[in-house]
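Q: Take this structure first; my questions come after.
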Amino acid sequence: PVSAAPVPSPTGAAGRSPAPSGAPVAPELLRWIGEVAALTRPDRIHFVTGTDAEFAELTDALVAAGTFTRLTGKPNSFHVVSDPSDVARVEDRTFICSERERDAGPTNNWRDPAAMKAEMTELYRGCMRGRTLYVVPFCMGPLDAAKPRLGVEITDSAYVVTSMRVMTRIGTGALDLINTGLPWVKALHSVGAPVEPGTTDAVWPCNDTKYIVHFPEERAIWSFGSGYGGNALLGKKCYSLRIASAMARDEGWLAEHMLILKLTSPSDVVHYVAAAFPSACGKTNLAMLEPTIPGWRVETLGDDIAWMEFGADGRLYATNPEFGLFGVAPGTGWDTNPNAMRAIAAGNSVFTNVALTDDGDVWWEGMTPEPPAHLTDWQGREWTPSGLAADGSVLASAGQPAAHPNSRFCTPITQCPTLAAEYHEPRGVPISAILFGGRRKTTVPLVLQARDWQHGVFLGATIASETTAAATGAVGVVRRDPMAMLPFIGYDAGDYLQHWLDLARAPGRRMPAVFSVNWFRRDADGGFLWPGFGENARVLKWVVERLEGTAPAVRTPIGDVPVPGGLDLDGVEVTPEQLTRALAVDGQEWKRELPLIQEWLDSLGTTVPAALRDELDGLRERLG
Ligand code: PEP
Ligand code: NA
Ligand code: MN
């Protein structure tokens, strides 16, 4: 059982400190806990310390409740399935409640903050009855950062607490910093499912009504109704992207949906690269890539979020605010991402909506070339590769994947064998190049370089990608996804793009080179033109050669691409004509793209930077 603490009085004068150390707790934190407890009516309050013993208590309780299954195949690891209605981020239920509608912009859902609070207050009323209210102090990024970015998540989900422990620095260290008077973000979460007396709790409690709400001016987050990933682990998308992007706008830095990697050449030249791809487009794979070309080395700093701030030398320095990986499981395997598999094998992980093997381990599509002969699928049903039961009857799971397409592994990043030592450096690493990527069957070449920063911002602002299972809604629909941030920009998109342009205007700035990449271009018959994964090191090599000034390029209307023979193809199974088609810039295809880009910029309204319209005019002219 978890330890209980008395509900502190709103004034904090409840007799003894609710902090486990007995140390005085910041009055504003006590006041807020009291206010939330009075509204939500939990049975117990638990101050989370973040210790191993506490993790063991929480996971034992989750096992006892039937929510977690302890794996026998991996140490200290658990399998959990969500409610089938609660499997992904809910973008249509995600709101930016700025004071002015104009500040949320046309790409976000907006509601008046007071009206939203009034509505959600009624949803929260009594919503924690029968539950424990967990107070989770957390710090995004190292505790010893010059400006630690702190928060407190109040949640009624033990699953959220255990996942937050993997994903962020939680507990006493963060609380100590909060108690020194530093600013912190209030993040309130409830699954929205009180346990009525005499009833048993659901294995995955949640509510059909879901709200993922941000108050950017107040730097506050209110989440209701979902227990899943980015909807509920509020340090991640809600804080480190939506709220942090608004902080970054105000303070002159960037909070981005990017991996960070360290690339070392055979002659020991080091470059740090940040790369933006939409959810489920291979950020984790690229961040942990095993190069297929001799002498090149990739080390990992982050796989999802990069915070980038200017150093005294005018360069952009990137840190990863997270402490764990919340990776898409399907497609992660020994052949595609062996380093992720090694990180996972070390245990200490929570697996959501993957399949269970008969010997107490996990499996998902793409983990191994052949599926096991028998599984329990993510919905708890018997599953076989043929879809037939032993007696020959057709299983209910027949023809369906054993793991949900958006199933996840939640694993400490420190278990990644390629983690770069600089991950722990609070000042971060200087970024030489930014890559923007998407998932496009056509049109977009394997790699191209922007002519300059403004053109690079245009490339990032207009990139499109086919939608994936990472969010609810249709899959495979091409949508514009600026900087892979469409679901995560916490303010007006035009202002966001202007912020990107403005960064280069201050004196002494040495901006990274910008590239666009597309691993997903296809043949007429549907086959991929480029093998991807470890072979993407060949593209990274070209990027470095461009940075070093040693690789020539062909100038095309859309940017600079490798000259014929400019990519190192030694040992790769790609025919010269496949490569030609992977790199091709087809003027007709790009002319068809022009009205779509125009429409996209128009949809952003009056705040879209004039410089980006100029870039579109320039592109139209060059295409002739
Ligand atoms: C999530 O879906 O919960 C999440 C963390 O984000 P993404 O889809 O970008 O992986
Ligand atoms: Na809107
Ligand atoms: Mn992501």
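Following the order of the structure tokens, chains are lettered A, B, ..., residues in each are numbered from 1, and ligands are numbered from 1.
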Write as a list in words the residues around ligand 2, taking 10 Å as the cut-off and counting only C-alpha atoms and all ligand atoms.
A: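 With only C-alpha atoms and all ligand atoms and a cut-off of 10 Å, ligand 2 is contacted by Phe95, Ile96, Glu101, Arg102, Asp103, Ala104, Gly105, Pro106, Thr107, Asn108, Asn109, Trp110, Arg111 and Asp492 of chain A.
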Q: Neighbours of ligand 3 at 9 Å or closer, counting only C-alpha atoms and all ligand atoms: which residues, as a PDB file with N, CA and C atoms, in the first residue's frame?
A:
ATOM      1  N   GLY A 230       1.068  11.007 -24.011  1.00  0.00           N
ATOM      2  CA  GLY A 230       1.154  12.456 -24.148  1.00  0.00           C
ATOM      3  C   GLY A 230      -0.059  13.203 -23.610  1.00  0.00           C
ATOM      4  N   LYS A 236       5.791  15.904 -20.614  1.00  0.00           N
ATOM      5  CA  LYS A 236       6.285  15.612 -21.959  1.00  0.00           C
ATOM      6  C   LYS A 236       5.753  16.624 -22.975  1.00  0.00           C
ATOM      7  N   LYS A 237       4.711  16.271 -23.713  1.00  0.00           N
ATOM      8  CA  LYS A 237       4.251  17.150 -24.792  1.00  0.00           C
ATOM      9  C   LYS A 237       3.670  18.454 -24.246  1.00  0.00           C
ATOM     10  N   HIS A 257      10.300  19.650 -31.373  1.00  0.00           N
ATOM     11  CA  HIS A 257       9.993  18.220 -31.463  1.00  0.00           C
ATOM     12  C   HIS A 257      11.126  17.554 -32.253  1.00  0.00           C
ATOM     13  N   MET A 258      12.296  17.437 -31.625  1.00  0.00           N
ATOM     14  CA  MET A 258      13.505  17.007 -32.338  1.00  0.00           C
ATOM     15  C   MET A 258      14.315  15.992 -31.538  1.00  0.00           C
ATOM     16  N   PHE A 277      10.988  15.298 -36.901  1.00  0.00           N
ATOM     17  CA  PHE A 277      10.095  14.441 -37.677  1.00  0.00           C
ATOM     18  C   PHE A 277       8.788  14.327 -36.901  1.00  0.00           C
ATOM     19  N   PRO A 278       7.658  14.228 -37.596  1.00  0.00           N
ATOM     20  CA  PRO A 278       6.399  14.001 -36.883  1.00  0.00           C
ATOM     21  C   PRO A 278       6.453  12.699 -36.075  1.00  0.00           C
ATOM     22  N   SER A 279       5.503  12.535 -35.171  1.00  0.00           N
ATOM     23  CA  SER A 279       5.405  11.335 -34.348  1.00  0.00           C
ATOM     24  C   SER A 279       5.364  10.093 -35.244  1.00  0.00           C
ATOM     25  N   ALA A 280       6.065   9.048 -34.799  1.00  0.00           N
ATOM     26  CA  ALA A 280       6.064   7.755 -35.490  1.00  0.00           C
ATOM     27  C   ALA A 280       6.634   7.839 -36.909  1.00  0.00           C
ATOM     28  N   LYS A 283      12.168   9.062 -35.433  1.00  0.00           N
ATOM     29  CA  LYS A 283      13.149   9.854 -34.659  1.00  0.00           C
ATOM     30  C   LYS A 283      14.000   8.957 -33.758  1.00  0.00           C
ATOM     31  N   ASP A 303      15.568  11.636 -28.249  1.00  0.00           N
ATOM     32  CA  ASP A 303      14.821  11.029 -29.352  1.00  0.00           C
ATOM     33  C   ASP A 303      13.491  11.710 -29.629  1.00  0.00           C
ATOM     34  N   ASP A 304      13.167  12.787 -28.873  1.00  0.00           N
ATOM     35  CA  ASP A 304      11.838  13.377 -29.095  1.00  0.00           C
ATOM     36  C   ASP A 304      11.789  14.895 -28.921  1.00  0.00           C
ATOM     37  N   ILE A 305      12.505  15.414 -27.934  1.00  0.00           N
ATOM     38  CA  ILE A 305      12.356  16.842 -27.616  1.00  0.00           C
ATOM     39  C   ILE A 305      13.735  17.477 -27.447  1.00  0.00           C
ATOM     40  N   PHE A 326       9.862   7.264 -24.791  1.00  0.00           N
ATOM     41  CA  PHE A 326       8.474   6.816 -24.880  1.00  0.00           C
ATOM     42  C   PHE A 326       8.259   6.446 -26.343  1.00  0.00           C
ATOM     43  N   GLY A 327       8.894   5.331 -26.736  1.00  0.00           N
ATOM     44  CA  GLY A 327       9.007   5.019 -28.158  1.00  0.00           C
ATOM     45  C   GLY A 327       7.836   4.217 -28.689  1.00  0.00           C
ATOM     46  N   ALA A 470      -0.041   7.772 -34.184  1.00  0.00           N
ATOM     47  CA  ALA A 470       0.344   8.431 -32.925  1.00  0.00           C
ATOM     48  C   ALA A 470      -0.746   9.357 -32.395  1.00  0.00           C
ATOM     49  N   ALA A 484       7.476  19.704 -37.654  1.00  0.00           N
ATOM     50  CA  ALA A 484       6.884  18.556 -36.943  1.00  0.00           C
ATOM     51  C   ALA A 484       6.217  18.987 -35.648  1.00  0.00           C
TER      52      ALA A 484
END
Q: Write out, as CSV, each residue of region 248-287 of chain A that has an atom at most 10 Å from region 545-548 of chain A, together with the closest pair of atoms and their distance in Å to one decimal, counting only C-alpha atoms, rows going by chain and rising number.
A:
residue,atom,partner,partner_atom,distance
A:Ser265,CA,A:Glu545,CA,9.9
A:Val269,CA,A:Glu548,CA,9.5
A:His271,CA,A:Leu547,CA,9.0
Q: Would you output that residue set with N, CA and C atoms, as a compact mmCIF listing (two decimals), in the first residue's frame?
A:
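Below is the file selection34.txt, written as the result:
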# COMPACT_ATOMS: atom_id res chain seq x y z
N SER A 265 33.11 11.52 -37.22
CA SER A 265 33.62 11.02 -38.50
C SER A 265 34.84 10.13 -38.25
N VAL A 269 36.14 14.15 -36.39
CA VAL A 269 35.41 15.42 -36.42
C VAL A 269 34.01 15.17 -35.83
N HIS A 271 30.14 16.48 -34.97
CA HIS A 271 29.04 17.42 -35.19
C HIS A 271 27.81 16.93 -34.44
Q: Name the closest residue to Val81 (chain A) among the candidates A:Ala450, A:Val354, A:Ile212, A:Leu254; distances are taken between atoms, counting only C-alpha atoms.
A: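 Smallest distance to Val81 (chain A) is found for A:Val354.
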Q: Can you pull out every residue within 12 Å of region 200-208 of chain A, counting only C-alpha atoms, but drop anything in the same chain fewer than 3 positions away, and send it as a ChimeraX atom specification?
A: /A:61-69,80-87,90,93,123-124,127-131,156-160,189-197,211,223-228,231-232,352-353
Q: Would you output that residue set with N, CA and C atoms, as a compact mmCIF listing (two decimals), in the first residue's frame?
A:
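As a result, result12.txt now contains:
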# COMPACT_ATOMS: atom_id res chain seq x y z
N ALA A 61 1.33 -2.49 -6.25
CA ALA A 61 -0.10 -2.17 -6.12
C ALA A 61 -0.79 -2.26 -7.48
N LEU A 62 -0.12 -1.82 -8.54
CA LEU A 62 -0.71 -1.90 -9.87
C LEU A 62 -0.86 -3.36 -10.33
N VAL A 63 0.10 -4.21 -9.93
CA VAL A 63 -0.02 -5.64 -10.24
C VAL A 63 -1.20 -6.22 -9.47
N ALA A 64 -1.29 -5.89 -8.19
CA ALA A 64 -2.38 -6.41 -7.36
C ALA A 64 -3.74 -5.99 -7.90
N ALA A 65 -3.79 -4.78 -8.47
CA ALA A 65 -5.06 -4.26 -9.01
C ALA A 65 -5.39 -4.86 -10.37
N GLY A 66 -4.45 -5.61 -10.95
CA GLY A 66 -4.70 -6.21 -12.27
C GLY A 66 -4.39 -5.28 -13.42
N THR A 67 -3.84 -4.11 -13.14
CA THR A 67 -3.51 -3.16 -14.21
C THR A 67 -2.18 -3.55 -14.86
N PHE A 68 -1.18 -3.84 -14.02
CA PHE A 68 0.13 -4.24 -14.52
C PHE A 68 0.26 -5.76 -14.47
N THR A 69 0.99 -6.30 -15.46
CA THR A 69 1.47 -7.68 -15.40
C THR A 69 2.98 -7.60 -15.32
N VAL A 80 1.02 -3.39 -19.63
CA VAL A 80 -0.26 -2.80 -19.30
C VAL A 80 -1.03 -2.57 -20.59
N VAL A 81 -2.33 -2.80 -20.54
CA VAL A 81 -3.16 -2.44 -21.70
C VAL A 81 -4.14 -1.36 -21.29
N SER A 82 -4.33 -0.42 -22.18
CA SER A 82 -5.24 0.68 -21.90
C SER A 82 -6.65 0.29 -22.31
N ASP A 83 -7.59 1.13 -21.96
CA ASP A 83 -8.92 1.00 -22.53
C ASP A 83 -8.78 1.19 -24.06
N PRO A 84 -9.51 0.38 -24.86
CA PRO A 84 -9.35 0.50 -26.32
C PRO A 84 -9.70 1.89 -26.86
N SER A 85 -10.39 2.68 -26.06
CA SER A 85 -10.74 4.03 -26.52
C SER A 85 -9.69 5.06 -26.13
N ASP A 86 -8.61 4.61 -25.49
CA ASP A 86 -7.65 5.57 -24.90
C ASP A 86 -6.23 5.15 -25.28
N VAL A 87 -5.92 5.27 -26.58
CA VAL A 87 -4.69 4.66 -27.11
C VAL A 87 -3.74 5.66 -27.78
N VAL A 90 -5.07 12.91 -28.27
CA VAL A 90 -6.36 13.33 -28.83
C VAL A 90 -6.25 14.80 -29.23
N ARG A 93 -9.18 17.16 -28.90
CA ARG A 93 -9.57 17.51 -27.53
C ARG A 93 -8.48 18.32 -26.83
N LEU A 123 -16.09 19.13 -14.13
CA LEU A 123 -15.63 17.76 -14.41
C LEU A 123 -14.75 17.24 -13.28
N TYR A 124 -13.91 18.10 -12.74
CA TYR A 124 -12.97 17.68 -11.69
C TYR A 124 -13.67 17.49 -10.34
N CYS A 127 -13.84 14.07 -8.68
CA CYS A 127 -13.37 13.06 -9.65
C CYS A 127 -12.31 12.13 -9.07
N MET A 128 -11.73 12.46 -7.90
CA MET A 128 -10.70 11.58 -7.32
C MET A 128 -11.25 10.78 -6.14
N ARG A 129 -12.57 10.75 -5.98
CA ARG A 129 -13.16 9.97 -4.88
C ARG A 129 -12.73 8.51 -4.99
N GLY A 130 -12.30 7.97 -3.87
CA GLY A 130 -11.87 6.57 -3.86
C GLY A 130 -10.44 6.38 -4.34
N ARG A 131 -9.79 7.45 -4.71
CA ARG A 131 -8.43 7.33 -5.26
C ARG A 131 -7.40 8.05 -4.39
N ASP A 156 -4.18 11.34 -10.38
CA ASP A 156 -4.80 10.25 -9.62
C ASP A 156 -4.50 8.90 -10.27
N SER A 157 -3.45 8.86 -11.10
CA SER A 157 -3.08 7.63 -11.79
C SER A 157 -1.69 7.17 -11.36
N ALA A 158 -1.62 5.99 -10.76
CA ALA A 158 -0.31 5.43 -10.39
C ALA A 158 0.49 5.06 -11.64
N TYR A 159 -0.22 4.70 -12.73
CA TYR A 159 0.46 4.44 -14.01
C TYR A 159 1.21 5.69 -14.47
N VAL A 160 0.57 6.83 -14.30
CA VAL A 160 1.23 8.08 -14.69
C VAL A 160 2.47 8.32 -13.82
N HIS A 189 -3.83 16.57 -13.48
CA HIS A 189 -4.32 15.45 -14.29
C HIS A 189 -5.25 14.55 -13.50
N SER A 190 -6.33 14.18 -14.11
CA SER A 190 -7.20 13.15 -13.55
C SER A 190 -7.69 12.24 -14.67
N VAL A 191 -7.79 10.95 -14.37
CA VAL A 191 -8.39 10.04 -15.34
C VAL A 191 -9.91 10.24 -15.41
N GLY A 192 -10.44 10.97 -14.44
CA GLY A 192 -11.86 11.32 -14.50
C GLY A 192 -12.79 10.16 -14.24
N ALA A 193 -12.39 9.29 -13.31
CA ALA A 193 -13.20 8.09 -13.05
C ALA A 193 -13.19 7.77 -11.56
N PRO A 194 -14.00 8.46 -10.77
CA PRO A 194 -14.02 8.17 -9.34
C PRO A 194 -14.45 6.73 -9.08
N VAL A 195 -13.92 6.14 -8.00
CA VAL A 195 -14.32 4.78 -7.61
C VAL A 195 -15.43 4.92 -6.58
N GLU A 196 -16.62 4.53 -6.98
CA GLU A 196 -17.76 4.68 -6.07
C GLU A 196 -17.69 3.59 -5.00
N PRO A 197 -18.13 3.91 -3.79
CA PRO A 197 -18.09 2.91 -2.72
C PRO A 197 -18.82 1.63 -3.17
N TYR A 211 -10.14 16.19 -22.06
CA TYR A 211 -9.64 17.54 -22.32
C TYR A 211 -8.15 17.59 -22.02
N SER A 223 -5.51 18.50 -17.48
CA SER A 223 -5.80 17.34 -18.32
C SER A 223 -6.84 16.48 -17.63
N PHE A 224 -7.81 15.99 -18.40
CA PHE A 224 -8.92 15.24 -17.81
C PHE A 224 -9.34 14.11 -18.75
N GLY A 225 -9.53 12.92 -18.18
CA GLY A 225 -10.26 11.87 -18.90
C GLY A 225 -9.42 10.81 -19.58
N SER A 226 -8.12 11.09 -19.82
CA SER A 226 -7.26 10.11 -20.50
C SER A 226 -6.12 9.73 -19.58
N GLY A 227 -5.71 8.45 -19.64
CA GLY A 227 -4.53 8.02 -18.89
C GLY A 227 -3.33 7.84 -19.78
N TYR A 228 -3.48 8.13 -21.08
CA TYR A 228 -2.50 7.69 -22.07
C TYR A 228 -1.39 8.70 -22.32
N ASN A 231 -1.17 12.52 -23.39
CA ASN A 231 -2.35 13.16 -22.78
C ASN A 231 -2.20 13.30 -21.28
N ALA A 232 -1.35 12.47 -20.68
CA ALA A 232 -1.38 12.29 -19.22
C ALA A 232 -0.02 12.49 -18.55
N THR A 352 3.06 -0.45 -22.96
CA THR A 352 1.62 -0.20 -23.05
C THR A 352 1.09 -0.66 -24.41
N ASN A 353 0.10 -1.53 -24.37
CA ASN A 353 -0.64 -1.97 -25.56
C ASN A 353 0.17 -2.80 -26.55
Q: For a test of reading the model, state the distance in Å between CA of Thr606 (chain A) and CA of His499 (chain A), rounded to one decimal.
A: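 Between these atoms lies a distance of 15.0 Å.
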Q: Quick one: everything within 9 Å of Thr418 (chain A), counting only C-alpha atoms, minus sequence neighbours fewer than 5 positions away in the same chain. Send it as a PyMOL selection string.
A: chain A and resi 288-289+298-301+339
Q: Can I get the selected residues back with N, CA and C atoms, as a compact mmCIF listing (two decimals), in the first residue's frame?
A:
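Output file again_25.txt is given in full below:
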# COMPACT_ATOMS: atom_id res chain seq x y z
N MET A 288 19.43 6.61 -32.65
CA MET A 288 20.22 5.46 -32.15
C MET A 288 20.86 4.67 -33.27
N LEU A 289 20.97 5.29 -34.42
CA LEU A 289 21.37 4.56 -35.62
C LEU A 289 22.76 3.91 -35.48
N VAL A 298 27.51 7.15 -34.35
CA VAL A 298 26.38 7.96 -33.89
C VAL A 298 26.17 7.69 -32.41
N GLU A 299 26.08 8.76 -31.63
CA GLU A 299 25.69 8.62 -30.22
C GLU A 299 24.41 9.43 -30.00
N THR A 300 23.68 9.05 -28.95
CA THR A 300 22.32 9.53 -28.75
C THR A 300 22.29 10.57 -27.64
N LEU A 301 21.59 11.67 -27.87
CA LEU A 301 21.31 12.62 -26.77
C LEU A 301 19.83 12.72 -26.47
N ASN A 339 19.93 -0.74 -30.77
CA ASN A 339 20.25 -0.02 -29.52
C ASN A 339 19.01 0.22 -28.67
Q: From the list A:Glu577, A:Glu593, A:Glu91, A:Glu119, which residue is nearest ligand 1 when using only C-alpha atoms and all ligand atoms?
A: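 Among the listed residues, A:Glu91 lies closest to ligand 1.
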Q: Extract the full set of strand (DSSP E or B) residues from region 159-243 of chain A according to DSSP on the backbone, and format it as a list of chain:residue names.
A: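 Answer for region 159-243 of chain A, restricted to strand (DSSP E or B): A:Arg169, A:Ile170, A:Trp184, A:Val185, A:Lys186, A:Ala187, A:Leu188, A:His189, A:Ser190, A:Tyr211, A:Ile212, A:Val213, A:His214, A:Phe215, A:Ala220, A:Ile221, A:Trp222, A:Ser223, A:Phe224.
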Q: Looking at A:Ser465, A:Thr368, A:Thr59, A:Thr264, which one is nearest to Gly331 (chain A), with distances taken over only C-alpha atoms?
A: A:Thr368
Q: Just asking: which residues within region 479-610 of chain A are alpha helix (DSSP H) according to DSSP, as a ChimeraX atom specification?
A: /A:493-503,537-548,576-583,587-603,610
Q: Those selected residues, please, written with C-alpha atoms and delivered as a compact mmCIF listing (two decimals), in the first residue's frame.
A:
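The resulting file, result_37.txt, is reproduced below:
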# COMPACT_ATOMS: atom_id res chain seq x y z
CA ALA A 493 1.77 29.40 -35.75
CA GLY A 494 2.59 32.57 -37.71
CA ASP A 495 4.19 34.08 -34.60
CA TYR A 496 6.09 30.83 -34.11
CA LEU A 497 7.52 30.98 -37.64
CA GLN A 498 8.39 34.65 -37.14
CA HIS A 499 10.21 33.67 -33.93
CA TRP A 500 12.30 31.18 -35.94
CA LEU A 501 13.22 33.92 -38.44
CA ASP A 502 13.96 36.48 -35.72
CA LEU A 503 16.45 34.22 -33.96
CA ALA A 537 24.35 7.33 -42.05
CA ARG A 538 25.24 7.93 -45.70
CA VAL A 539 22.97 10.96 -45.72
CA LEU A 540 24.44 12.14 -42.40
CA LYS A 541 27.91 11.79 -43.93
CA TRP A 542 26.87 14.05 -46.81
CA VAL A 543 25.49 16.56 -44.30
CA VAL A 544 28.86 16.63 -42.53
CA GLU A 545 30.70 17.01 -45.83
CA ARG A 546 28.48 19.99 -46.63
CA LEU A 547 29.27 21.50 -43.20
CA GLU A 548 32.98 20.90 -43.80
CA PRO A 576 22.00 3.91 -59.42
CA GLU A 577 18.56 4.54 -60.93
CA GLN A 578 16.84 3.99 -57.55
CA LEU A 579 19.15 6.60 -56.09
CA THR A 580 18.49 8.95 -58.99
CA ARG A 581 14.78 8.64 -58.34
CA ALA A 582 15.24 9.02 -54.59
CA LEU A 583 17.13 12.29 -55.17
CA GLY A 587 9.62 20.30 -61.55
CA GLN A 588 6.10 19.10 -62.42
CA GLU A 589 5.61 17.50 -58.99
CA TRP A 590 6.83 20.68 -57.31
CA LYS A 591 4.53 22.85 -59.43
CA ARG A 592 1.65 20.75 -58.10
CA GLU A 593 2.95 21.41 -54.59
CA LEU A 594 2.89 25.23 -55.03
CA PRO A 595 -0.87 25.78 -54.60
CA LEU A 596 -0.84 23.47 -51.58
CA ILE A 597 1.94 25.50 -49.95
CA GLN A 598 0.10 28.70 -50.87
CA GLU A 599 -3.09 27.36 -49.32
CA TRP A 600 -1.19 26.34 -46.19
CA LEU A 601 0.40 29.77 -45.73
CA ASP A 602 -2.97 31.43 -46.39
CA SER A 603 -4.58 29.20 -43.76
CA ALA A 610 6.12 38.05 -45.22
Q: Ranking A:Glu466, A:Asp614, A:Asp391, A:Asp144 by minimum distance to Phe520 (chain A) and counting only C-alpha atoms, which one comes first?
A: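 The answer is A:Glu466, which sits nearest to Phe520 (chain A).
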Q: Counting only C-alpha atoms and all ligand atoms, which residue out of A:Pro552, A:Gly366, A:Gly235, A:Gly399 sits closest to ligand 1?
A: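 For ligand 1, the nearest of the given residues is A:Gly235.
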Q: Find the distance between CA of Trp453 (chain A) and CA of Arg242 (chain A) and write it in Å to one decimal.
A: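 Answer for the CA of Trp453 (chain A) to CA of Arg242 (chain A) separation: 23.7 Å.
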Q: Which is closest to ligand 1 among A:Ser407, A:Thr168, A:Thr49, A:Ser516, if we use only C-alpha atoms and all ligand atoms?
A: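 Ranked by minimum distance to ligand 1, first place goes to A:Ser407.
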Q: What's the 8 Å shell around Asn179 (chain A), counting only C-alpha atoms, without same-chain residues fewer than 6 positions away, as a list in words?
A: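 Returned residues: Pro24, Val25 and Ala26 of chain A.
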Q: Can you tell me how far CA of Leu616 (chain A) sits from CA of Gly559 (chain A), in Å to one decimal?
A: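 The value is 12.7 Å.
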